[in-house]
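Asks: What follows is the file start36.cif, containing mmCIF, C-alpha atoms:
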data_final
#
loop_
_atom_site.label_atom_id
_atom_site.label_comp_id
_atom_site.auth_asym_id
_atom_site.auth_seq_id
_atom_site.Cartn_x
_atom_site.Cartn_y
_atom_site.Cartn_z
CA MET L 247 -15.78 165.34 -103.58
CA LYS L 248 -13.08 167.31 -101.82
CA PHE L 249 -15.05 167.11 -98.55
CA HIS L 250 -14.93 163.30 -98.55
CA TYR L 251 -11.69 163.36 -96.61
CA LEU L 252 -13.02 165.72 -93.98
CA PRO L 253 -13.93 162.92 -91.47
CA LEU L 254 -10.36 161.69 -91.66
CA LEU L 255 -9.10 165.10 -90.58
CA CYS L 256 -11.07 164.63 -87.36
CA PHE L 257 -8.59 161.94 -86.30
CA ILE L 258 -5.57 164.21 -86.51
CA PRO L 259 -6.36 166.03 -83.21
CA LEU L 260 -6.59 162.63 -81.56
CA LEU L 261 -2.97 161.94 -82.46
CA THR L 262 -1.74 165.26 -81.23
CA SER L 263 -4.15 166.09 -78.42
CA CYS L 264 -3.02 166.84 -74.90
CA LYS L 265 -2.00 163.82 -72.91
CA ASN L 266 -4.51 162.55 -70.45
CA VAL L 267 -2.50 163.56 -67.36
CA ARG L 268 -4.23 162.58 -64.14
CA ILE L 269 -3.91 164.14 -60.71
CA ALA L 270 -4.47 162.62 -57.32
CA SER L 271 -8.16 162.11 -56.87
CA GLY L 272 -8.83 159.19 -54.61
CA ALA L 273 -9.43 158.17 -51.05
CA ASP L 274 -5.79 157.23 -50.51
CA ASP L 275 -4.10 160.31 -51.92
CA ASN L 276 -2.03 160.76 -48.78
CA PHE L 277 -0.31 157.43 -49.48
CA ILE L 278 1.29 158.73 -52.68
CA HIS L 279 4.20 161.09 -52.17
CA LEU L 280 5.88 163.32 -54.72
CA PRO L 281 9.58 162.68 -55.45
CA GLU L 282 10.60 165.78 -53.49
CA GLU L 283 9.04 164.32 -50.35
CA ILE L 284 10.58 160.92 -50.95
CA ASN L 285 14.05 162.38 -51.30
CA THR L 286 13.89 164.84 -48.42
CA LYS L 287 11.91 163.17 -45.65
CA PRO L 288 14.24 161.33 -43.29
CA ILE L 289 14.18 157.56 -43.28
CA SER L 290 12.57 156.29 -40.10
CA PRO L 291 15.04 154.95 -37.50
CA GLU L 292 13.52 151.51 -37.91
CA LYS L 293 14.76 151.37 -41.48
CA SER L 294 18.12 152.98 -41.02
CA LEU L 295 19.58 151.67 -37.75
CA PHE L 296 21.25 148.68 -39.34
CA PRO L 297 21.89 149.30 -43.04
CA THR L 298 23.61 146.32 -44.64
CA PRO L 299 24.13 146.96 -48.37
CA VAL L 300 26.14 144.17 -49.94
CA GLY L 301 29.79 145.16 -50.08
CA GLY L 302 29.37 147.80 -47.38
CA TYR L 303 31.95 147.61 -44.62
CA TRP L 304 32.79 148.92 -41.17
CA ILE L 305 36.29 149.03 -39.67
CA TYR L 306 36.59 148.93 -35.88
CA ARG L 307 39.50 149.34 -33.55
CA LEU L 308 39.63 146.71 -30.83
CA VAL L 309 40.37 148.64 -27.69
CA ASN L 310 41.51 145.65 -25.60
CA THR L 311 43.97 144.27 -28.11
CA LYS L 312 46.16 147.24 -28.86
CA GLY L 313 46.81 147.87 -32.53
CA ASP L 314 44.32 145.27 -33.69
CA GLN L 315 41.36 146.06 -35.85
CA GLU L 316 38.37 144.29 -37.27
CA LYS L 317 36.83 144.73 -40.70
CA VAL L 318 33.19 143.73 -40.99
CA VAL L 319 31.79 143.28 -44.49
CA ALA L 320 28.14 142.82 -45.52
CA GLN L 321 27.91 139.77 -47.77
CA PRO L 322 25.09 138.70 -50.10
CA ARG L 323 22.07 137.69 -48.07
CA ARG L 324 21.41 134.01 -47.56
CA ILE L 325 18.32 131.93 -46.92
CA VAL L 326 18.80 130.10 -43.61
CA GLU L 327 16.03 127.82 -42.38
CA GLY L 328 13.50 129.64 -44.50
CA VAL L 329 14.44 133.18 -43.51
CA GLU L 330 16.54 135.70 -45.39
CA ALA L 331 19.61 136.34 -43.28
CA VAL L 332 21.91 139.33 -43.38
CA VAL L 333 25.45 137.98 -43.41
CA LEU L 334 28.32 139.93 -41.86
CA THR L 335 31.82 138.53 -42.04
CA SER L 336 34.64 139.96 -40.03
CA ALA L 337 38.38 139.60 -40.13
CA GLN L 338 40.86 140.51 -37.43
CA ILE L 339 44.62 140.56 -37.55
CA SER L 340 44.96 138.40 -34.45
CA GLY L 341 41.86 136.22 -34.56
CA PRO L 342 40.08 133.78 -36.85
CA PRO L 343 37.52 135.11 -39.32
CA ARG L 344 34.00 135.36 -37.93
CA GLU L 345 30.57 135.34 -39.43
CA GLU L 346 27.42 136.73 -37.84
CA LEU L 347 23.91 136.24 -39.16
CA PHE L 348 20.99 138.52 -38.41
CA LYS L 349 17.41 138.58 -39.55
CA ILE L 350 16.13 142.08 -40.16
CA THR L 351 12.44 142.59 -40.86
CA SER L 352 10.02 145.45 -40.52
CA GLN L 353 9.07 144.00 -37.11
CA GLU L 354 12.44 143.24 -35.52
CA ILE L 355 16.17 142.68 -35.67
CA THR L 356 17.14 139.22 -34.43
CA HIS L 357 20.46 137.49 -33.95
CA LEU L 358 20.61 134.10 -35.68
CA SER L 359 24.12 132.79 -35.23
CA SER L 360 27.82 133.51 -34.79
CA THR L 361 30.66 131.50 -36.25
CA GLY L 362 34.31 131.91 -35.32
CA GLY L 363 37.01 129.47 -36.28
CA ASN L 364 35.54 126.00 -35.90
CA ASP L 365 32.88 127.06 -33.41
CA LYS L 366 29.37 127.91 -34.41
CA VAL L 367 26.78 129.21 -31.99
CA THR L 368 23.18 129.22 -33.17
CA MET L 369 20.32 130.82 -31.28
CA LYS L 370 17.20 128.63 -31.17
CA PRO L 371 14.90 130.45 -31.73
CA PRO L 372 16.64 133.60 -33.02
CA MET L 373 17.22 136.08 -30.23
CA PRO L 374 15.49 139.45 -30.73
CA LEU L 375 17.62 142.56 -30.20
CA LEU L 376 15.17 145.27 -31.21
CA GLN L 377 11.51 145.37 -32.03
CA PHE L 378 9.63 147.97 -34.08
CA PRO L 379 8.10 150.40 -33.52
CA LEU L 380 10.86 151.36 -31.11
CA ASN L 381 9.86 151.37 -27.46
CA PHE L 382 12.21 152.49 -24.71
CA ASP L 383 10.29 150.92 -21.88
CA LYS L 384 9.93 147.44 -23.21
CA SER L 385 12.24 144.59 -22.32
CA ILE L 386 12.20 141.80 -24.87
CA ALA L 387 12.56 138.50 -23.09
CA TRP L 388 13.98 135.46 -24.83
CA GLN L 389 14.12 131.88 -23.71
CA GLY L 390 15.43 129.05 -25.78
CA GLY L 391 18.63 127.25 -26.46
CA VAL L 392 22.08 127.93 -27.77
CA LEU L 393 23.24 125.27 -30.19
CA VAL L 394 26.96 124.68 -29.75
CA ARG L 395 28.74 121.77 -31.42
CA GLY L 396 25.53 119.85 -31.88
CA SER L 397 24.20 120.16 -28.35
CA LEU L 398 21.44 122.54 -27.37
CA VAL L 399 22.14 124.34 -24.12
CA PRO L 400 19.09 125.86 -22.37
CA SER L 401 19.55 129.62 -22.20
CA LYS L 402 17.68 132.81 -21.53
CA GLY L 403 18.16 136.49 -22.00
CA HIS L 404 16.59 139.79 -22.80
CA SER L 405 17.20 142.96 -24.76
CA ARG L 406 16.15 146.51 -24.17
CA LEU L 407 16.38 149.77 -26.05
CA LYS L 408 17.99 151.79 -23.31
CA ALA L 409 18.52 155.35 -24.57
CA ILE L 410 19.54 157.67 -27.35
CA GLU L 411 23.10 158.77 -26.64
CA LYS L 412 25.84 160.85 -28.22
CA VAL L 413 28.72 158.51 -28.91
CA THR L 414 32.19 159.65 -29.89
CA VAL L 415 34.40 157.11 -31.64
CA PRO L 416 37.34 157.56 -34.03
CA ALA L 417 34.92 157.77 -37.00
CA GLY L 418 33.16 160.76 -35.44
CA THR L 419 30.37 161.68 -33.05
CA PHE L 420 27.04 160.00 -33.66
CA THR L 421 23.58 160.15 -32.15
CA ALA L 422 23.02 156.48 -31.50
CA TYR L 423 20.38 154.11 -30.15
CA ARG L 424 21.82 152.10 -27.29
CA VAL L 425 20.61 148.52 -27.03
CA ASP L 426 21.54 146.38 -24.00
CA SER L 427 21.31 142.60 -24.14
CA ILE L 428 22.01 139.88 -21.63
CA LEU L 429 22.45 136.21 -22.46
CA GLU L 430 22.73 133.59 -19.73
CA THR L 431 23.84 130.14 -20.78
CA THR L 432 26.09 127.30 -19.74
CA THR L 433 29.43 126.56 -21.27
CA SER L 434 31.89 123.77 -20.56
CA GLY L 435 33.31 125.77 -17.70
CA GLY L 436 29.96 126.43 -16.04
CA ALA L 437 27.39 129.20 -16.04
CA SER L 438 28.19 132.07 -18.39
CA THR L 439 26.71 135.52 -18.73
CA TYR L 440 27.26 137.80 -21.71
CA TRP L 441 26.36 141.47 -21.42
CA THR L 442 26.37 143.19 -24.78
CA THR L 443 25.74 146.85 -25.47
CA ARG L 444 25.43 147.94 -29.07
CA TRP L 445 25.10 151.53 -30.24
CA PHE L 446 23.27 151.82 -33.57
CA ALA L 447 23.54 155.12 -35.44
CA PRO L 448 20.86 155.77 -38.09
CA GLY L 449 22.29 155.44 -41.58
CA VAL L 450 25.56 153.97 -40.29
CA GLY L 451 24.91 150.83 -38.23
CA MET L 452 26.87 149.72 -35.18
CA VAL L 453 29.29 152.45 -34.16
CA LYS L 454 30.35 150.92 -30.86
CA VAL L 455 29.99 147.48 -29.24
CA ARG L 456 30.86 146.47 -25.70
CA TYR L 457 30.86 142.87 -24.47
CA ILE L 458 31.39 141.74 -20.93
CA VAL L 459 31.84 138.02 -20.56
CA ASN L 460 31.58 136.39 -17.18
CA ASN L 461 32.33 132.71 -16.84
CA PRO L 462 34.82 130.63 -14.85
CA ASN L 463 37.39 130.88 -17.65
CA GLN L 464 36.93 134.59 -18.33
CA PRO L 465 35.69 136.34 -15.19
CA ASN L 466 34.30 139.77 -16.08
CA GLN L 467 36.34 140.17 -19.21
CA LEU L 468 35.65 143.32 -21.21
CA PHE L 469 35.80 143.60 -25.00
CA LEU L 470 35.26 146.93 -26.68
CA LYS L 471 35.27 147.91 -30.30
CA GLU L 472 34.78 151.35 -31.83
CA LEU L 473 34.12 152.39 -35.41
CA THR L 474 37.05 154.04 -37.17
CA SER L 475 35.67 154.19 -40.72
CA TYR L 476 32.92 152.77 -42.87
CA LYS L 477 31.60 152.69 -46.41
CA LEU L 478 28.00 151.94 -47.34
CA MET G 212 -17.56 147.78 -115.84
CA THR G 213 -17.30 144.40 -114.06
CA LYS G 214 -13.64 144.15 -114.92
CA ARG G 215 -12.98 147.63 -113.59
CA LEU G 216 -14.83 146.84 -110.37
CA PHE G 217 -12.85 143.61 -110.04
CA ILE G 218 -9.58 145.51 -110.42
CA GLN G 219 -10.68 148.07 -107.83
CA MET G 220 -11.73 145.36 -105.38
CA SER G 221 -8.49 143.47 -105.97
CA ALA G 222 -6.52 146.63 -105.32
CA ILE G 223 -8.40 147.24 -102.07
CA VAL G 224 -7.91 143.65 -100.94
CA GLY G 225 -4.25 143.79 -101.94
CA VAL G 226 -3.60 147.04 -100.11
CA THR G 227 -5.47 145.78 -97.04
CA ALA G 228 -3.51 142.53 -97.04
CA ALA G 229 -0.24 144.41 -97.46
CA LEU G 230 -1.15 146.76 -94.60
CA SER G 231 -2.12 143.80 -92.45
CA ILE G 232 1.19 142.03 -93.06
CA PHE G 233 3.03 145.31 -92.52
CA SER G 234 1.18 145.90 -89.22
CA GLN G 235 1.85 142.36 -88.05
CA LYS G 236 5.56 142.66 -88.80
CA ARG G 237 5.72 146.08 -87.20
CA LEU G 238 4.04 144.84 -84.02
CA GLU G 239 6.42 141.88 -83.90
CA TRP G 240 9.23 144.37 -84.25
CA ALA G 241 7.69 146.65 -81.60
CA GLY G 242 7.83 143.82 -79.08
CA GLY G 243 11.33 142.79 -80.06
CA TRP G 244 13.25 144.79 -77.47
CA PHE G 245 13.75 142.83 -74.27
CA PRO G 246 16.34 144.48 -72.01
CA ASN G 247 17.50 143.03 -68.71
CA ILE G 248 16.74 144.42 -65.28
CA SER G 249 19.85 144.41 -63.07
CA THR G 250 19.58 142.29 -59.97
CA THR G 251 21.71 144.65 -57.86
CA ILE G 252 20.47 148.20 -57.33
CA GLY G 253 22.16 150.03 -54.45
CA SER G 254 21.36 148.13 -51.29
CA TRP G 255 18.72 146.10 -53.12
CA GLU G 256 19.41 142.57 -54.22
CA GLY G 257 17.11 140.86 -56.68
CA THR G 258 16.36 137.36 -57.80
CA ASN G 259 14.75 136.50 -61.10
CA GLN G 260 11.28 135.05 -60.70
CA PRO G 261 9.19 133.19 -63.24
CA VAL G 262 6.15 135.13 -64.42
CA SER G 263 3.02 133.07 -63.81
CA GLN G 264 1.17 131.55 -66.74
CA GLU G 265 -2.00 133.26 -65.53
CA THR G 266 -0.35 136.69 -65.75
CA LEU G 267 1.15 135.88 -69.13
CA SER G 268 -2.25 134.72 -70.35
CA ILE G 269 -3.90 138.00 -69.30
CA LEU G 270 -1.15 139.95 -71.03
CA GLY G 271 -1.31 137.97 -74.28
CA PHE G 272 1.86 135.94 -73.67
CA PRO G 273 4.49 138.65 -74.20
CA ARG G 274 8.14 138.10 -73.36
CA ALA G 275 8.32 138.95 -69.69
CA SER G 276 10.76 139.07 -66.82
CA SER G 277 10.25 139.61 -63.14
CA VAL G 278 12.75 140.42 -60.41
CA ALA G 279 11.98 140.28 -56.67
CA PHE G 280 14.16 142.73 -54.77
CA SER G 281 14.89 142.87 -51.05
CA ASN G 282 17.10 145.25 -49.11
CA GLY G 283 17.82 143.30 -45.94
CA THR G 284 15.58 145.43 -43.75
CA GLY G 285 12.39 143.52 -44.39
CA ASP G 286 11.42 145.52 -47.48
CA SER G 287 10.73 143.91 -50.83
CA VAL G 288 9.78 145.23 -54.26
CA LEU G 289 8.69 143.32 -57.36
CA ALA G 290 9.62 144.63 -60.80
CA THR G 291 8.08 143.20 -63.96
CA LEU G 292 8.97 144.05 -67.51
CA VAL G 293 6.92 142.94 -70.53
CA THR G 294 7.44 143.65 -74.19
CA ALA G 295 4.92 146.07 -75.68
CA GLY G 296 3.57 144.60 -78.88
CA PRO G 297 -0.16 144.02 -79.29
CA PHE G 298 -2.56 145.91 -77.06
CA GLU G 299 -3.22 142.97 -74.71
CA ASN G 300 0.32 143.57 -73.41
CA PHE G 301 -0.79 146.98 -72.13
CA HIS G 302 -3.37 145.60 -69.68
CA ASP G 303 -4.01 148.48 -67.37
CA PRO G 304 -3.41 147.86 -63.64
CA THR G 305 -6.43 149.98 -62.70
CA VAL G 306 -8.56 147.47 -64.57
CA CYS G 307 -6.83 144.14 -64.06
CA VAL G 308 -5.71 144.61 -60.41
CA GLY G 309 -8.98 146.27 -59.44
CA GLY G 310 -10.88 143.69 -61.45
CA THR G 311 -9.78 140.86 -59.21
CA GLY G 312 -12.36 141.93 -56.64
CA VAL G 313 -9.78 141.77 -53.85
CA TRP G 314 -8.10 145.10 -54.54
CA GLU G 315 -9.86 148.42 -54.77
CA PHE G 316 -8.22 151.13 -56.88
CA THR G 317 -8.13 154.12 -54.51
CA SER G 318 -5.63 156.69 -55.73
CA LEU G 319 -3.55 157.76 -58.68
CA ARG G 320 -0.93 160.40 -59.29
CA GLU G 321 1.46 161.15 -62.16
CA PHE G 322 4.86 162.78 -61.84
CA PRO G 323 8.30 162.77 -63.44
CA LEU G 324 10.31 159.85 -62.13
CA ASP G 325 13.79 161.31 -62.31
CA GLY G 326 13.51 165.07 -62.34
CA PRO G 327 12.01 167.49 -64.85
CA GLY G 328 11.72 166.10 -68.37
CA SER G 329 12.10 162.50 -67.28
CA ALA G 330 9.56 159.71 -67.62
CA LEU G 331 6.08 160.55 -66.40
CA VAL G 332 5.10 157.57 -64.28
CA ARG G 333 1.72 156.68 -62.88
CA ALA G 334 1.74 155.90 -59.15
CA MET G 335 -1.34 154.00 -58.01
CA ILE G 336 -2.68 152.73 -54.72
CA PHE G 337 -4.82 149.61 -54.39
CA ARG G 338 -6.45 148.82 -51.06
CA ASN G 339 -7.29 145.31 -49.96
CA ARG G 340 -11.05 144.98 -49.52
CA ASN G 341 -10.67 142.24 -46.88
CA GLU G 342 -7.84 143.94 -44.95
CA PRO G 343 -8.26 147.69 -45.49
CA LYS G 344 -4.93 148.53 -43.85
CA VAL G 345 -3.07 146.54 -46.49
CA ARG G 346 -2.29 148.34 -49.72
CA ILE G 347 -0.23 147.98 -52.89
CA ILE G 348 1.68 150.90 -54.35
CA MET G 349 2.56 150.48 -58.01
CA TYR G 350 4.46 152.55 -60.56
CA TYR G 351 3.50 151.97 -64.19
CA TRP G 352 4.98 153.32 -67.39
CA GLN G 353 5.93 152.40 -70.93
CA GLN G 354 9.45 153.08 -72.13
CA GLY G 355 10.75 153.00 -75.69
CA ARG G 356 14.17 152.05 -76.88
CA ASP G 357 14.45 155.60 -78.21
CA GLY G 358 13.80 157.04 -74.72
CA TYR G 359 10.13 157.82 -75.33
CA THR G 360 7.96 157.24 -72.27
CA THR G 361 4.27 157.37 -71.48
CA SER G 362 2.04 156.19 -68.69
CA GLU G 363 -1.28 156.80 -70.35
CA PRO G 364 -4.01 154.20 -69.93
CA MET G 365 -4.71 152.28 -73.14
CA MET G 366 -7.61 149.99 -72.47
CA GLY G 367 -10.29 152.07 -70.82
CA ASN G 368 -13.08 154.09 -72.37
CA PHE G 369 -13.17 156.58 -75.25
CA ARG G 370 -10.78 158.89 -73.38
CA ASP G 371 -8.02 156.36 -73.97
CA LEU G 372 -8.47 156.34 -77.74
CA PRO G 373 -5.93 159.13 -78.39
CA ALA G 374 -3.35 157.25 -76.33
CA ARG G 375 -4.04 154.08 -78.30
CA LEU G 376 -3.69 155.92 -81.57
CA ARG G 377 -0.47 157.55 -80.46
CA THR G 378 0.94 154.23 -79.32
CA GLY G 379 -0.19 152.52 -82.51
CA TYR G 380 1.32 155.34 -84.56
CA GLY G 381 4.58 154.99 -82.65
CA ALA G 382 4.74 151.24 -83.19
CA LEU G 383 3.44 151.02 -86.77
CA VAL G 384 4.66 154.22 -88.39
CA LEU G 385 7.71 155.16 -86.34
CA GLY G 386 8.77 151.57 -85.68
CA ARG G 387 9.16 152.25 -81.97
CA GLN G 388 10.17 149.32 -79.74
CA SER G 389 9.11 149.55 -76.15
CA VAL G 390 8.53 147.71 -72.88
CA ILE G 391 5.98 148.12 -70.11
CA LEU G 392 7.12 148.37 -66.48
CA ARG G 393 5.06 147.55 -63.42
CA ILE G 394 7.01 148.02 -60.17
CA TYR G 395 5.22 147.52 -56.90
CA THR G 396 5.14 146.44 -53.29
CA GLY G 397 2.62 145.91 -50.53
CA PHE G 398 2.54 147.58 -47.13
CA ASN G 399 0.49 147.61 -43.97
CA GLU G 400 -0.65 150.92 -42.54
CA ASP G 401 0.21 149.71 -39.01
CA GLU G 402 3.89 149.34 -39.95
CA ASP G 403 4.22 152.12 -42.51
CA SER G 404 1.63 154.71 -41.56
CA THR G 405 2.03 156.96 -44.62
CA GLY G 406 3.37 154.41 -47.09
CA LEU G 407 6.52 156.51 -47.46
CA ASN G 408 8.88 153.65 -46.77
CA ALA G 409 7.14 151.40 -49.29
CA GLN G 410 7.13 154.12 -51.93
CA ARG G 411 10.78 154.90 -51.27
CA GLY G 412 11.68 151.36 -52.32
CA VAL G 413 9.43 151.36 -55.37
CA HIS G 414 10.75 154.78 -56.36
CA GLU G 415 14.41 153.83 -56.01
CA ILE G 416 14.02 150.64 -58.04
CA SER G 417 11.90 152.41 -60.68
CA ARG G 418 14.35 155.29 -61.09
CA ASN G 419 17.25 152.91 -61.55
CA VAL G 420 15.36 150.70 -64.00
CA TYR G 421 14.41 153.82 -65.97
CA ARG G 422 18.04 154.95 -66.13
CA GLU G 423 19.23 151.47 -67.08
CA LEU G 424 16.74 151.22 -69.93
CA LEU G 425 17.72 154.65 -71.21
CA LYS G 426 21.32 153.51 -71.23
CA ALA G 427 20.46 150.17 -72.84
CA GLY G 428 18.43 151.92 -75.55
CA LYS G 429 21.25 154.33 -76.36
CA SER G 430 23.86 151.61 -76.49
CA GLY G 431 21.68 149.47 -78.77
CA GLU G 432 21.26 146.63 -76.26
#
Output the structure of this file as structure tokens.
Replies:
Amino acid sequence: MKFHYLPLLCFIPLLTSCKNVRIASGADDNFIHLPEEINTKPISPEKSLFPTPVGGYWIYRLVNTKGDQEKVVAQPRRIVEGVEAVVLTSAQISGPPREELFKITSQEITHLSSTGGNDKVTMKPPMPLLQFPLNFDKSIAWQGGVLVRGSLVPSKGHSRLKAIEKVTVPAGTFTAYRVDSILETTTSGGASTYWTTRWFAPGVGMVKVRYIVNNPNQPNQLFLKELTSYKL
Amino acid sequence: MTKRLFIQMSAIVGVTAALSIFSQKRLEWAGGWFPNISTTIGSWEGTNQPVSQETLSILGFPRASSVAFSNGTGDSVLATLVTAGPFENFHDPTVCVGGTGVWEFTSLREFPLDGPGSALVRAMIFRNRNEPKVRIIMYYWQQGRDGYTTSEPMMGNFRDLPARLRTGYGALVLGRQSVILRIYTGFNEDEDSTGLNAQRGVHEISRNVYRELLKAGKSGE
């Protein structure tokens, strides 16, 4: 009689037995990394050149307008014409607030539009700045239109990853990826050319930007901004 | 003799019925915790997504939420949370994802999500049979309101019986309330040759969800 309960005792080990812990055992084991690897391996440049966490900001000094500075803030991302756009707003002491939209994917970083005051300039199609994987020898050509005040102006340009350079700005010295872009378009005053050089530091974003504008109203005018502080 | 047998049978039926009602109520209670997933985690922004009727049907229509996260660099991660009541809710990804015929279950590894002593999560890789360079990486675990976690499979063969008994014991006897997390993303080997970038996103979201749920459980949310 007392042995009737014996089968029930067999279930007790099932409740307390060792957990069925599994180890890697498949064809794709090298695609699963342990937390130590995840935390210590550096993020690839592709993923860290232009970090834009919402609320993150960068403060630049504007070298040409003495004493002026610009604060750029990453805003919540927005869907624009079906693509998720990174939104950066900037405020200067002496100028109207600006807004720049970029599309950042695992394939490329493209410039969508710039808005300043009442003017909005939209690139049709978006103009690529960088393509991944990074390639120093490749020039990325772009041909399309720049939409200004409702009219589409035929334009062309190209971008190129030029070099990795040490850049010293007030925020410090950074190893940065230099990207040169040229945009040729037509404005009310005639043919215009915009040379832009951006230095992207991994984990920081743009640490230095140089624009040279050449059109009948602004012949070879230089604008330079350098990072003084940032928070991401 | 007949009367005695009748009383015995009645007692058995009564006890069985009482246990059945008790189990039902306990399972309802077990699935009664439904915490939120934050839609902002570091540089990740999420939007709440409806969970498809097909998925809900497979899982036995639990309460479920789903958040699609993106970080502005082209990465996205999907996090789903379902209440853990009846065993249909525990549908194992190795069976139901692999069972679609499109995805082949190719690797599995378990490790603590947030340092020693933290939740043991199951990381799994599924490879697309039609496009072998395309894979899904998924983290899976169950987390109780009391902080208990497990990632054991519950619906496989006899090896899973202890895990089922333990889970049943937790829900019925201990009155444990828990949820099941599936956090995953897809990646292409051509763009992410080792899958590290994809896993980094899944890991970051998972770790934060784990911490949030621990906090929610402690604060009684």
Asks: Could you tell me, as a ChimeraX atom specification, exactly which residues end up selected when the PyMOL selection byres ((chain L and resi 315) around 8) is applied to this structure?
Replies: /L:305-308,313-314,316-317,338-339
Asks: Please produce a file of the residues just selected, as a PDB file, in the frame of the given file, where the atoms kept are C-alpha atoms.
Replies:
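Once everything was written out, this is again20.pdb:
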ATOM      1  CA  ILE L 305      36.290 149.030 -39.670  1.00  0.00           C
ATOM      2  CA  TYR L 306      36.590 148.930 -35.880  1.00  0.00           C
ATOM      3  CA  ARG L 307      39.500 149.340 -33.550  1.00  0.00           C
ATOM      4  CA  LEU L 308      39.630 146.710 -30.830  1.00  0.00           C
ATOM      5  CA  GLY L 313      46.810 147.870 -32.530  1.00  0.00           C
ATOM      6  CA  ASP L 314      44.320 145.270 -33.690  1.00  0.00           C
ATOM      7  CA  GLU L 316      38.370 144.290 -37.270  1.00  0.00           C
ATOM      8  CA  LYS L 317      36.830 144.730 -40.700  1.00  0.00           C
ATOM      9  CA  GLN L 338      40.860 140.510 -37.430  1.00  0.00           C
ATOM     10  CA  ILE L 339      44.620 140.560 -37.550  1.00  0.00           C
TER      11      ILE L 339
END
Asks: Would you list the contacts of region 393-400 of chain L as a list in words, taking every protein, DNA or RNA residue within 9 Å and counting only C-alpha atoms, but skipping same-chain residues closer than 3 positions in sequence?
Replies: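 Once the nearby chain positions are removed, what remains is Asp365, Lys366, Val367, Thr368, Met369, Lys370, Gln389, Gly390, Glu430, Thr431, Thr432 and Thr433 of chain L.
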Asks: Which residues, named as in the file, does the PyMOL selection byres ((chain G and resi 399-414) around 9) pick out? Answer as an NGL selection string.
Replies: (:L and (276-279 or 281 or 283-285 or 287 or 289-290 or 293 or 352-353 or 378-379)) or (:G and (255 or 282 or 286-290 or 324 or 343-350 or 394-398 or 415-419))
Asks: Got a sec to check which residues sit within 10 Å of (35.3, 148.4, -41.7), counting only C-alpha atoms, and write them as a list in words?
Replies: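 Using only C-alpha atoms, the matching residues come out as Gly302, Tyr303, Trp304, Ile305, Tyr306, Arg307, Gln315, Glu316, Lys317, Val318, Val319, Ala320, Ser336, Ala337, Leu473, Thr474, Ser475, Tyr476, Lys477 and Leu478 of chain L.
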Asks: Counting all atoms listed in the file, collect the residues of chain G whose closest atom lies at most 6 Å from chain L, and write them out as a list of chain:residue names.
Replies: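 Per the criterion, chain G yields G:Ser254, G:Thr284, G:Gly285, G:Thr317, G:Ser318, G:Leu319, G:Arg320, G:Pro373, G:Arg377, G:Thr405, G:Gly406.
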Asks: As a check of understanding, name the residues that the PyMOL selection byres ((chain L and resi 422-428) around 6) selects in the supplied structure, as a list in words.
Replies: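 Expected selection for the PyMOL selection byres ((chain L and resi 422-428) around 6) here is Gly403, His404, Ser405, Arg406, Leu407, Lys408, Ala409, Ile410, Glu411, Phe420, Thr421, Leu429, Tyr440, Trp441, Thr442, Thr443, Arg444, Trp445, Phe446 and Ala447 of chain L.
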Asks: Counting only C-alpha atoms, find the residues whose atoms lie at most 9 Å from (22.6, 134.9, -32.8) (file coordinates) and write them out as JSON, numbers by chain.
Replies: {"L": [346, 347, 348, 356, 357, 358, 359, 360, 367, 368, 369, 370, 371, 372, 373, 374, 392]}
Asks: Between CA of Pro342 (chain L) and CA of Gly362 (chain L), measure the distance and give it in Å to one decimal.
Replies: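 One can read the CA of Pro342 (chain L) to CA of Gly362 (chain L) distance as 6.3 Å.
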Asks: Quick one: pull the distance between CA of Lys471 (chain L) and CA of Val329 (chain L), Å, one decimal.
Replies: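 A separation of 28.7 Å between them.
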Asks: If I take CA of Glu345 (chain L) and CA of Arg324 (chain L), how far is one from the other in Å, to one decimal?
Replies: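 Going from CA of Glu345 (chain L) over to CA of Arg324 (chain L) covers 12.3 Å.
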Asks: Need the shell around Glu256 (chain G): protein/DNA/RNA residues with any atom at most 6 Å away, counting all atoms listed in the file. Skip same-chain ones fewer than 2 positions apart. Format as number ranges by chain?
Replies: G: 250-251, 280-281
Asks: List the neighbours of Ser362 (chain G) out to 8 Å using all atoms listed in the file; skip same-chain residues closer than 3 positions along the sequence, and give me the result as number ranges by chain.
Replies: G: 331-333, 351-353
Asks: Give the answer as one residue: which of L:Pro343, L:Pro448, L:Pro462, L:Pro416 has the shortest atom-to-atom distance to Ser434 (chain L), using only C-alpha atoms?
Replies: L:Pro462
Asks: Let me make sure I understand: among G:Ile336, G:Leu425, G:Ile218, G:Leu392, which one has the smallest atom-to-atom distance to Ala275 (chain G) if we use only C-alpha atoms?
Replies: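 That would be G:Leu392, the residue with the smallest distance to Ala275 (chain G).
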